[in-house]
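Trainee: One file: input.json (JSON, N, CA and C atoms).
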```json
[["chain", "number", "residue", "atom", "x", "y", "z"],
["A", 5, "MET", "N", 18.74, -9.37, -3.25],
["A", 5, "MET", "CA", 18.77, -7.96, -3.57],
["A", 5, "MET", "C", 19.88, -7.64, -4.55],
["A", 6, "SER", "N", 21.05, -8.19, -4.34],
["A", 6, "SER", "CA", 22.15, -7.90, -5.25],
["A", 6, "SER", "C", 21.90, -8.49, -6.63],
["A", 7, "GLU", "N", 21.26, -9.66, -6.69],
["A", 7, "GLU", "CA", 20.97, -10.29, -7.98],
["A", 7, "GLU", "C", 20.08, -9.40, -8.84],
["A", 8, "HIS", "N", 19.12, -8.71, -8.21],
["A", 8, "HIS", "CA", 18.18, -7.85, -8.94],
["A", 8, "HIS", "C", 18.59, -6.39, -8.88],
["A", 9, "GLU", "N", 19.75, -6.11, -8.29],
["A", 9, "GLU", "CA", 20.28, -4.75, -8.19],
["A", 9, "GLU", "C", 19.27, -3.78, -7.60],
["A", 10, "ILE", "N", 18.66, -4.16, -6.49],
["A", 10, "ILE", "CA", 17.67, -3.31, -5.82],
["A", 10, "ILE", "C", 18.41, -2.28, -4.98],
["A", 11, "PRO", "N", 18.26, -0.98, -5.32],
["A", 11, "PRO", "CA", 19.06, 0.06, -4.68],
["A", 11, "PRO", "C", 18.48, 0.64, -3.39],
["A", 12, "TRP", "N", 17.27, 0.24, -3.00],
["A", 12, "TRP", "CA", 16.67, 0.86, -1.82],
["A", 12, "TRP", "C", 16.74, -0.07, -0.61],
["A", 13, "LEU", "N", 16.48, 0.52, 0.54],
["A", 13, "LEU", "CA", 16.50, -0.20, 1.80],
["A", 13, "LEU", "C", 15.42, -1.28, 1.84],
["A", 14, "GLN", "N", 15.78, -2.46, 2.28],
["A", 14, "GLN", "CA", 14.85, -3.56, 2.48],
["A", 14, "GLN", "C", 14.80, -3.86, 3.96],
["A", 15, "ILE", "N", 13.62, -4.12, 4.49],
["A", 15, "ILE", "CA", 13.48, -4.47, 5.90],
["A", 15, "ILE", "C", 12.86, -5.85, 6.01],
["A", 16, "CYS", "N", 13.52, -6.73, 6.72],
["A", 16, "CYS", "CA", 12.98, -8.06, 7.01],
["A", 16, "CYS", "C", 13.59, -8.49, 8.34],
["A", 17, "ASP", "N", 12.79, -8.51, 9.38],
["A", 17, "ASP", "CA", 13.33, -8.88, 10.69],
["A", 17, "ASP", "C", 12.86, -10.25, 11.16],
["A", 18, "GLY", "N", 12.11, -10.95, 10.31],
["A", 18, "GLY", "CA", 11.67, -12.31, 10.65],
["A", 18, "GLY", "C", 10.52, -12.37, 11.63],
["A", 19, "GLU", "N", 9.94, -11.24, 11.96],
["A", 19, "GLU", "CA", 8.85, -11.21, 12.94],
["A", 19, "GLU", "C", 7.46, -11.18, 12.30],
["A", 20, "ALA", "N", 7.40, -11.11, 10.99],
["A", 20, "ALA", "CA", 6.14, -11.11, 10.24],
["A", 20, "ALA", "C", 5.18, -10.04, 10.77],
["A", 21, "ALA", "N", 3.95, -10.42, 11.08],
["A", 21, "ALA", "CA", 2.92, -9.45, 11.48],
["A", 21, "ALA", "C", 3.22, -8.77, 12.81],
["A", 22, "GLU", "N", 4.13, -9.32, 13.58],
["A", 22, "GLU", "CA", 4.50, -8.73, 14.87],
["A", 22, "GLU", "C", 5.65, -7.74, 14.75],
["A", 23, "SER", "N", 6.15, -7.55, 13.56],
["A", 23, "SER", "CA", 7.29, -6.68, 13.30],
["A", 23, "SER", "C", 6.94, -5.22, 13.57],
["A", 24, "GLU", "N", 7.87, -4.48, 14.12],
["A", 24, "GLU", "CA", 7.66, -3.05, 14.35],
["A", 24, "GLU", "C", 7.42, -2.30, 13.05],
["A", 25, "PRO", "N", 8.19, -2.55, 11.97],
["A", 25, "PRO", "CA", 7.90, -1.85, 10.71],
["A", 25, "PRO", "C", 6.50, -2.16, 10.17],
["A", 26, "VAL", "N", 6.02, -3.39, 10.33],
["A", 26, "VAL", "CA", 4.67, -3.75, 9.89],
["A", 26, "VAL", "C", 3.64, -2.91, 10.62],
["A", 27, "LYS", "N", 3.81, -2.78, 11.91],
["A", 27, "LYS", "CA", 2.88, -1.96, 12.71],
["A", 27, "LYS", "C", 3.03, -0.48, 12.38],
["A", 28, "LEU", "N", 4.26, -0.02, 12.32],
["A", 28, "LEU", "CA", 4.54, 1.40, 12.08],
["A", 28, "LEU", "C", 4.00, 1.89, 10.74],
["A", 29, "TYR", "N", 4.19, 1.08, 9.68],
["A", 29, "TYR", "CA", 3.82, 1.51, 8.34],
["A", 29, "TYR", "C", 2.50, 0.93, 7.85],
["A", 30, "GLY", "N", 1.77, 0.24, 8.70],
["A", 30, "GLY", "CA", 0.45, -0.26, 8.33],
["A", 30, "GLY", "C", 0.47, -1.28, 7.22],
["A", 31, "ILE", "N", 1.45, -2.16, 7.23],
["A", 31, "ILE", "CA", 1.57, -3.18, 6.19],
["A", 31, "ILE", "C", 0.42, -4.16, 6.32],
["A", 32, "GLN", "N", -0.24, -4.46, 5.20],
["A", 32, "GLN", "CA", -1.41, -5.34, 5.20],
["A", 32, "GLN", "C", -1.14, -6.69, 4.56],
["A", 33, "GLY", "N", 0.01, -6.89, 3.98],
["A", 33, "GLY", "CA", 0.34, -8.14, 3.33],
["A", 33, "GLY", "C", 1.75, -8.08, 2.78],
["A", 34, "MET", "N", 2.31, -9.22, 2.51],
["A", 34, "MET", "CA", 3.67, -9.29, 2.00],
["A", 34, "MET", "C", 3.65, -9.87, 0.59],
["A", 35, "PRO", "N", 4.44, -9.36, -0.35],
["A", 35, "PRO", "CA", 5.32, -8.22, -0.13],
["A", 35, "PRO", "C", 4.55, -6.91, -0.11],
["A", 36, "ALA", "N", 5.14, -5.94, 0.47],
["A", 36, "ALA", "CA", 4.58, -4.59, 0.50],
["A", 36, "ALA", "C", 5.73, -3.62, 0.26],
["A", 37, "PHE", "N", 5.42, -2.53, -0.38],
["A", 37, "PHE", "CA", 6.40, -1.50, -0.66],
["A", 37, "PHE", "C", 5.87, -0.20, -0.09],
["A", 38, "VAL", "N", 6.70, 0.51, 0.65],
["A", 38, "VAL", "CA", 6.30, 1.77, 1.25],
["A", 38, "VAL", "C", 7.31, 2.82, 0.83],
["A", 39, "LEU", "N", 6.85, 3.86, 0.12],
["A", 39, "LEU", "CA", 7.73, 4.98, -0.24],
["A", 39, "LEU", "C", 7.69, 5.99, 0.88],
["A", 40, "ILE", "N", 8.84, 6.33, 1.40],
["A", 40, "ILE", "CA", 8.96, 7.26, 2.53],
["A", 40, "ILE", "C", 9.86, 8.40, 2.09],
["A", 41, "ASP", "N", 9.41, 9.64, 2.32],
["A", 41, "ASP", "CA", 10.22, 10.79, 1.91],
["A", 41, "ASP", "C", 11.33, 11.05, 2.93],
["A", 42, "ASP", "N", 12.14, 12.06, 2.64],
["A", 42, "ASP", "CA", 13.29, 12.38, 3.49],
["A", 42, "ASP", "C", 12.91, 12.78, 4.91],
["A", 43, "GLU", "N", 11.66, 13.19, 5.09],
["A", 43, "GLU", "CA", 11.21, 13.61, 6.42],
["A", 43, "GLU", "C", 10.51, 12.49, 7.17],
["A", 44, "GLY", "N", 10.45, 11.29, 6.57],
["A", 44, "GLY", "CA", 9.84, 10.14, 7.23],
["A", 44, "GLY", "C", 8.35, 10.00, 6.98],
["A", 45, "ASN", "N", 7.80, 10.82, 6.09],
["A", 45, "ASN", "CA", 6.38, 10.73, 5.76],
["A", 45, "ASN", "C", 6.12, 9.65, 4.72],
["A", 46, "ILE", "N", 5.04, 8.91, 4.89],
["A", 46, "ILE", "CA", 4.67, 7.90, 3.91],
["A", 46, "ILE", "C", 4.08, 8.60, 2.69],
["A", 47, "VAL", "N", 4.67, 8.35, 1.54],
["A", 47, "VAL", "CA", 4.22, 8.93, 0.29],
["A", 47, "VAL", "C", 3.22, 8.01, -0.39],
["A", 48, "GLU", "N", 3.49, 6.72, -0.35],
["A", 48, "GLU", "CA", 2.64, 5.74, -1.02],
["A", 48, "GLU", "C", 2.88, 4.37, -0.42],
["A", 49, "ARG", "N", 1.83, 3.55, -0.41],
["A", 49, "ARG", "CA", 1.94, 2.15, -0.01],
["A", 49, "ARG", "C", 1.45, 1.29, -1.16],
["A", 50, "PHE", "N", 2.18, 0.23, -1.42],
["A", 50, "PHE", "CA", 1.76, -0.75, -2.41],
["A", 50, "PHE", "C", 1.70, -2.11, -1.72],
["A", 51, "HIS", "N", 0.53, -2.72, -1.67],
["A", 51, "HIS", "CA", 0.35, -4.04, -1.09],
["A", 51, "HIS", "C", -0.04, -5.01, -2.19],
["A", 52, "TRP", "N", 0.56, -6.17, -2.19],
["A", 52, "TRP", "CA", 0.28, -7.15, -3.25],
["A", 52, "TRP", "C", -1.19, -7.51, -3.31],
["A", 53, "ILE", "N", -1.92, -7.45, -2.20],
["A", 53, "ILE", "CA", -3.33, -7.84, -2.20],
["A", 53, "ILE", "C", -4.21, -6.86, -2.99],
["A", 54, "ASP", "N", -3.68, -5.68, -3.28],
["A", 54, "ASP", "CA", -4.44, -4.66, -4.00],
["A", 54, "ASP", "C", -4.24, -4.71, -5.52],
["A", 55, "TYR", "N", -3.39, -5.63, -5.99],
["A", 55, "TYR", "CA", -3.02, -5.66, -7.40],
["A", 55, "TYR", "C", -3.12, -7.07, -7.97],
["A", 56, "PRO", "N", -3.29, -7.18, -9.30],
["A", 56, "PRO", "CA", -3.29, -8.52, -9.92],
["A", 56, "PRO", "C", -1.95, -9.21, -9.72],
["A", 57, "PRO", "N", -1.92, -10.54, -9.78],
["A", 57, "PRO", "CA", -0.68, -11.29, -9.52],
["A", 57, "PRO", "C", 0.49, -10.94, -10.44],
["A", 58, "ASP", "N", 0.20, -10.50, -11.66],
["A", 58, "ASP", "CA", 1.29, -10.21, -12.60],
["A", 58, "ASP", "C", 1.75, -8.75, -12.57],
["A", 59, "THR", "N", 1.37, -8.00, -11.56],
["A", 59, "THR", "CA", 1.75, -6.59, -11.45],
["A", 59, "THR", "C", 3.26, -6.44, -11.31],
["A", 60, "ASN", "N", 3.81, -5.51, -12.06],
["A", 60, "ASN", "CA", 5.23, -5.19, -11.95],
["A", 60, "ASN", "C", 5.36, -4.01, -10.98],
["A", 61, "PHE", "N", 5.67, -4.32, -9.74],
["A", 61, "PHE", "CA", 5.73, -3.28, -8.71],
["A", 61, "PHE", "C", 6.86, -2.28, -8.96],
["A", 62, "LEU", "N", 7.94, -2.73, -9.57],
["A", 62, "LEU", "CA", 9.02, -1.79, -9.87],
["A", 62, "LEU", "C", 8.54, -0.71, -10.82],
["A", 63, "ASP", "N", 7.72, -1.07, -11.80],
["A", 63, "ASP", "CA", 7.15, -0.07, -12.71],
["A", 63, "ASP", "C", 6.22, 0.89, -11.96],
["A", 64, "LEU", "N", 5.39, 0.35, -11.07],
["A", 64, "LEU", "CA", 4.49, 1.21, -10.29],
["A", 64, "LEU", "C", 5.27, 2.21, -9.45],
["A", 65, "ILE", "N", 6.30, 1.73, -8.80],
["A", 65, "ILE", "CA", 7.11, 2.59, -7.94],
["A", 65, "ILE", "C", 7.84, 3.64, -8.78],
["A", 66, "GLU", "N", 8.39, 3.21, -9.91],
["A", 66, "GLU", "CA", 9.09, 4.16, -10.78],
["A", 66, "GLU", "C", 8.16, 5.27, -11.26],
["A", 67, "ARG", "N", 6.96, 4.91, -11.69],
["A", 67, "ARG", "CA", 5.99, 5.92, -12.16],
["A", 67, "ARG", "C", 5.62, 6.89, -11.03],
["A", 68, "ARG", "N", 5.44, 6.36, -9.83],
["A", 68, "ARG", "CA", 5.10, 7.22, -8.69],
["A", 68, "ARG", "C", 6.25, 8.17, -8.36],
["A", 69, "LEU", "N", 7.46, 7.65, -8.38],
["A", 69, "LEU", "CA", 8.63, 8.49, -8.12],
["A", 69, "LEU", "C", 8.78, 9.57, -9.19],
["A", 70, "GLU", "N", 8.54, 9.21, -10.44],
["A", 70, "GLU", "CA", 8.59, 10.20, -11.52],
["A", 70, "GLU", "C", 7.58, 11.31, -11.28],
["A", 71, "GLY", "N", 6.38, 10.93, -10.81],
["A", 71, "GLY", "CA", 5.36, 11.93, -10.52],
["A", 71, "GLY", "C", 5.77, 12.84, -9.37],
["A", 72, "ILE", "N", 6.42, 12.29, -8.40],
["A", 72, "ILE", "CA", 6.87, 13.07, -7.23],
["A", 72, "ILE", "C", 8.03, 13.97, -7.61],
["A", 73, "LEU", "N", 9.00, 13.41, -8.32],
["A", 73, "LEU", "CA", 10.22, 14.14, -8.64],
["A", 73, "LEU", "C", 10.10, 14.99, -9.89],
["A", 74, "GLY", "N", 9.04, 14.74, -10.68],
["A", 74, "GLY", "CA", 8.83, 15.52, -11.88],
["A", 74, "GLY", "C", 9.77, 15.17, -13.01],
["A", 75, "ASN", "N", 10.25, 13.93, -13.04],
["A", 75, "ASN", "CA", 11.18, 13.50, -14.09],
["A", 75, "ASN", "C", 10.43, 12.92, -15.26]]
```
Once you've parsed the file, please lay out its structure as structure tokens.
Mentor:
Amino acid sequence: MSEHEIPWLQICDGEAAESEPVKLYGIQGMPAFVLIDDEGNIVERFHWIDYPPDTNFLDLIERRLEGILGN
């Protein structure tokens, strides 16, 4: 995370499909990215299985955040 300067919370508890966050947020594959607002609502889910292998998820997330924040 520090090497790539990732500023958001990362969750990895080593439990894979049995993990509480996986169950709670409906994760369907790894890696997965879940945008959660300040009230705990899921704004968007990005699962690697839904995108081509060369997808830049950081760009997808940035565009979605821009749409939400209006920047």
Trainee: Kindly indicate which residue among A:Gly71, A:Ile53, A:Ile46, A:Glu7 lies nearest to Gly33 in chain A, using all atoms listed in the file for the distances.
Mentor: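 So, comparing all the options, the nearest one is A:Ile53.
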Trainee: Identify the residues around (5.6, 2.9, 2.1) within a radius of 5 Å, measuring from only N, CA and C atoms in the coordinates stated by the file, and give them as a count of residues only.
Mentor: 6
Trainee: If you run DSSP on the backbone here, which positions in range 9-74 of chain A get strand (DSSP E or B)? Please write them as an MDAnalysis selection string.
Mentor: chainID A and resid 36:40 46:51
Trainee: Step one, run DSSP on the backbone; step two, keep only residues of chain A assigned to helix (DSSP H, G or I); then write them as a PDB file with N, CA and C atoms, keeping the file's coordinate frame.
Mentor:
```pdb
ATOM      1  N   ALA A  20       7.400 -11.110  10.990  1.00  0.00           N
ATOM      2  CA  ALA A  20       6.140 -11.110  10.240  1.00  0.00           C
ATOM      3  C   ALA A  20       5.180 -10.040  10.770  1.00  0.00           C
ATOM      4  N   ALA A  21       3.950 -10.420  11.080  1.00  0.00           N
ATOM      5  CA  ALA A  21       2.920  -9.450  11.480  1.00  0.00           C
ATOM      6  C   ALA A  21       3.220  -8.770  12.810  1.00  0.00           C
ATOM      7  N   GLU A  22       4.130  -9.320  13.580  1.00  0.00           N
ATOM      8  CA  GLU A  22       4.500  -8.730  14.870  1.00  0.00           C
ATOM      9  C   GLU A  22       5.650  -7.740  14.750  1.00  0.00           C
ATOM     10  N   GLU A  24       7.870  -4.480  14.120  1.00  0.00           N
ATOM     11  CA  GLU A  24       7.660  -3.050  14.350  1.00  0.00           C
ATOM     12  C   GLU A  24       7.420  -2.300  13.050  1.00  0.00           C
ATOM     13  N   PRO A  25       8.190  -2.550  11.970  1.00  0.00           N
ATOM     14  CA  PRO A  25       7.900  -1.850  10.710  1.00  0.00           C
ATOM     15  C   PRO A  25       6.500  -2.160  10.170  1.00  0.00           C
ATOM     16  N   VAL A  26       6.020  -3.390  10.330  1.00  0.00           N
ATOM     17  CA  VAL A  26       4.670  -3.750   9.890  1.00  0.00           C
ATOM     18  C   VAL A  26       3.640  -2.910  10.620  1.00  0.00           C
ATOM     19  N   LYS A  27       3.810  -2.780  11.910  1.00  0.00           N
ATOM     20  CA  LYS A  27       2.880  -1.960  12.710  1.00  0.00           C
ATOM     21  C   LYS A  27       3.030  -0.480  12.380  1.00  0.00           C
ATOM     22  N   LEU A  28       4.260  -0.020  12.320  1.00  0.00           N
ATOM     23  CA  LEU A  28       4.540   1.400  12.080  1.00  0.00           C
ATOM     24  C   LEU A  28       4.000   1.890  10.740  1.00  0.00           C
ATOM     25  N   TYR A  29       4.190   1.080   9.680  1.00  0.00           N
ATOM     26  CA  TYR A  29       3.820   1.510   8.340  1.00  0.00           C
ATOM     27  C   TYR A  29       2.500   0.930   7.850  1.00  0.00           C
ATOM     28  N   TRP A  52       0.560  -6.170  -2.190  1.00  0.00           N
ATOM     29  CA  TRP A  52       0.280  -7.150  -3.250  1.00  0.00           C
ATOM     30  C   TRP A  52      -1.190  -7.510  -3.310  1.00  0.00           C
ATOM     31  N   ILE A  53      -1.920  -7.450  -2.200  1.00  0.00           N
ATOM     32  CA  ILE A  53      -3.330  -7.840  -2.200  1.00  0.00           C
ATOM     33  C   ILE A  53      -4.210  -6.860  -2.990  1.00  0.00           C
ATOM     34  N   ASP A  54      -3.680  -5.680  -3.280  1.00  0.00           N
ATOM     35  CA  ASP A  54      -4.440  -4.660  -4.000  1.00  0.00           C
ATOM     36  C   ASP A  54      -4.240  -4.710  -5.520  1.00  0.00           C
ATOM     37  N   PHE A  61       5.670  -4.320  -9.740  1.00  0.00           N
ATOM     38  CA  PHE A  61       5.730  -3.280  -8.710  1.00  0.00           C
ATOM     39  C   PHE A  61       6.860  -2.280  -8.960  1.00  0.00           C
ATOM     40  N   LEU A  62       7.940  -2.730  -9.570  1.00  0.00           N
ATOM     41  CA  LEU A  62       9.020  -1.790  -9.870  1.00  0.00           C
ATOM     42  C   LEU A  62       8.540  -0.710 -10.820  1.00  0.00           C
ATOM     43  N   ASP A  63       7.720  -1.070 -11.800  1.00  0.00           N
ATOM     44  CA  ASP A  63       7.150  -0.070 -12.710  1.00  0.00           C
ATOM     45  C   ASP A  63       6.220   0.890 -11.960  1.00  0.00           C
ATOM     46  N   LEU A  64       5.390   0.350 -11.070  1.00  0.00           N
ATOM     47  CA  LEU A  64       4.490   1.210 -10.290  1.00  0.00           C
ATOM     48  C   LEU A  64       5.270   2.210  -9.450  1.00  0.00           C
ATOM     49  N   ILE A  65       6.300   1.730  -8.800  1.00  0.00           N
ATOM     50  CA  ILE A  65       7.110   2.590  -7.940  1.00  0.00           C
ATOM     51  C   ILE A  65       7.840   3.640  -8.780  1.00  0.00           C
ATOM     52  N   GLU A  66       8.390   3.210  -9.910  1.00  0.00           N
ATOM     53  CA  GLU A  66       9.090   4.160 -10.780  1.00  0.00           C
ATOM     54  C   GLU A  66       8.160   5.270 -11.260  1.00  0.00           C
ATOM     55  N   ARG A  67       6.960   4.910 -11.690  1.00  0.00           N
ATOM     56  CA  ARG A  67       5.990   5.920 -12.160  1.00  0.00           C
ATOM     57  C   ARG A  67       5.620   6.890 -11.030  1.00  0.00           C
ATOM     58  N   ARG A  68       5.440   6.360  -9.830  1.00  0.00           N
ATOM     59  CA  ARG A  68       5.100   7.220  -8.690  1.00  0.00           C
ATOM     60  C   ARG A  68       6.250   8.170  -8.360  1.00  0.00           C
ATOM     61  N   LEU A  69       7.460   7.650  -8.380  1.00  0.00           N
ATOM     62  CA  LEU A  69       8.630   8.490  -8.120  1.00  0.00           C
ATOM     63  C   LEU A  69       8.780   9.570  -9.190  1.00  0.00           C
ATOM     64  N   GLU A  70       8.540   9.210 -10.440  1.00  0.00           N
ATOM     65  CA  GLU A  70       8.590  10.200 -11.520  1.00  0.00           C
ATOM     66  C   GLU A  70       7.580  11.310 -11.280  1.00  0.00           C
ATOM     67  N   GLY A  71       6.380  10.930 -10.810  1.00  0.00           N
ATOM     68  CA  GLY A  71       5.360  11.930 -10.520  1.00  0.00           C
ATOM     69  C   GLY A  71       5.770  12.840  -9.370  1.00  0.00           C
ATOM     70  N   ILE A  72       6.420  12.290  -8.400  1.00  0.00           N
ATOM     71  CA  ILE A  72       6.870  13.070  -7.230  1.00  0.00           C
ATOM     72  C   ILE A  72       8.030  13.970  -7.610  1.00  0.00           C
ATOM     73  N   LEU A  73       9.000  13.410  -8.320  1.00  0.00           N
ATOM     74  CA  LEU A  73      10.220  14.140  -8.640  1.00  0.00           C
ATOM     75  C   LEU A  73      10.100  14.990  -9.890  1.00  0.00           C
TER      76      LEU A  73
END
```
Trainee: Which one is closest to Leu69 in chain A: A:Asp41, A:Pro25, A:Pro35, A:Asp54? Count only C-alpha atoms.
Mentor: A:Asp41
Trainee: Expressed in Å to a single decimal, how great is the separation between atom N of Ala21 in chain A and CA of Ile72 in chain A?
Mentor: 29.9 Å
Trainee: Kindly indicate which residue among A:Gln32, A:Asn45, A:Lys27, A:Leu62 lies nearest to Ile10 in chain A, using only C-alpha atoms for the distances.
Mentor: A:Leu62
Trainee: What's the separation between atom C of Leu64 in chain A and atom N of Phe50 in chain A, in Å to one decimal place?
Mentor: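 Between atom C of Leu64 in chain A and atom N of Phe50 in chain A the gap works out to 8.8 Å.
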